[in-house]
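What follows is a single structure, written as structure tokens, with notes after it.
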Amino acid sequence: IYLRVLEDLAVAKVAELVAGSKATMDAVAKRHQRLPDVTEIPLAMEPGDFEYLRRHPRKNPVFDCKDGLLHLSYVGRGGVDMLPAVRAVFQAVVSGLERWPELFRRLRLHFVGTTYAYRAEGQYQVLQLARELKLEPYVDEHPGRVPYLTALQIMLDSHALLMVGSELPHYTASKVFPYIVSARPLLVIVHEKSSVVTILRETNAGEVVTFGDNRPVLTMTDEIAQHLRDLLALPPGARPHTRWEAFERYTARAMTARLVKVFDNNVESEGRF
């Protein structure tokens with residue numbers, strides 16, 4: 001169906017496509033030569049959304065941030081392509097429980113919205129893996145999607161945030177933007193060719209562990225364990241030293257300007273509105 005839609009666009013002489021990931025569209029273009037030009041504009045983040053929540057906090061349905069535990073949250077989809085990175089994280093937690101038990105016993109890992117459905121009872125993406133490694137006391141999963149502002153509240157209430165990426169090289173996660181704007185300590189495990197790596201290094205918003213064809217993610221377990229230990233040892237309310245001037249190009253205002261430019265260029269080339 002997806003390829004048929006693209007074929008219809010080509011026949012209709014659509015001037016240009018806008019996509020969250022140009023690399024994804026390039027992979028499709030290899031199988032379909034008549035695609036229009038593609039401009040990459042990731043889904044942006046409006047910093048004012050977090051400012052609103054800080055003034056008007058809402059109930060967190062997942063955990064109590066005042067219970068004395070160390071809550072590490074991942075808010076986003078799961079899937080088979082992410083399981084290698086999740087397994088590496090879980091094995092790092094097993095290692096941490098052995099090496100730094102007093103710290104890691106306070107850890108609670110939350111996976112929220114791991115499916116695309118609002119009602120997704122029992123559609124677990126990562127919990128079975130946690131059970132396999134006997135980590136169920138430390139891991140919970142809420143596969144159903146939660147409302148947007150609730151997802152942001154969960155981020156704000158977390159001691160730190162975790163983001164795991166796909167094993168696919170072209171994986172571009174727009175969810176990295178709210179992770180950054182939340183100003184919570186952040187650990188990201190992602191493919192070395194993902195655009196997420198560039199974004200995180202430009203903004204200095206979190207720690208990044210990369211993997212690739214010559215660096216399987218399961219060989220990074222010790223490095224991940226060390227980063228987890230550092231995150232858990234941070235004092236409550238700690239913030240990363242984010243370069244906000246570097247993040248400006250990823251805001252909703254900046255992305256909207258890029259979209260307007262696409263319209264302007266195509267209207268000008270057609271000589272009409």
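Residues are referred to by chain and number: the chain letter is A, B, ... according to the order shown in the structure tokens, the number counts from 1 in that chain, and ligands are numbered separately from 1 in the order shown.
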
Problem set entry | Contacts of Leu200 (chain A) within 10 Å, only C-alpha atoms, excl. fewer than 3 positions in-chain, as number ranges by chain | A: 176-177, 180, 186, 188, 195-197, 203-208, 242-243, 246-247

Problem set entry | Selection near region 132-137 of chain A, 12 Å with only C-alpha atoms, sequence-local residues under 5 positions removed, as a list of chain:residue names | A:Val86, A:Arg87, A:Ala88, A:Val89, A:Phe90, A:Gln91, A:Ala92, A:Val93, A:Val94, A:Ser95, A:Gly96, A:Leu97, A:Phe104, A:Arg105, A:Arg106, A:Leu107, A:Arg108, A:Leu109, A:His110, A:Val126, A:Leu127

Exercise. In region 51-267 of chain A, what's helix (DSSP H, G or I) per DSSP? Answer as a count of residues only?
Worked result: 102

Exercise. Expressed in Å to a single decimal, how great is the separation between CA of Val139 (chain A) and CA of Gly212 (chain A)?
Worked result: 26.3 Å

For this session: Check region 18-201 of chain A with DSSP on the backbone and list each residue it calls strand (DSSP E or B), as an MDAnalysis selection string.
Result: chainID A and resid 18:19 37:40 45 70:75 107:112 139:142 160:164 186:191

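Counting only C-alpha atoms and comparing A:His56, A:Lys66, A:Asp157, A:Tyr124, the residue that lies closest to Leu83 (chain A) is A:Tyr124.
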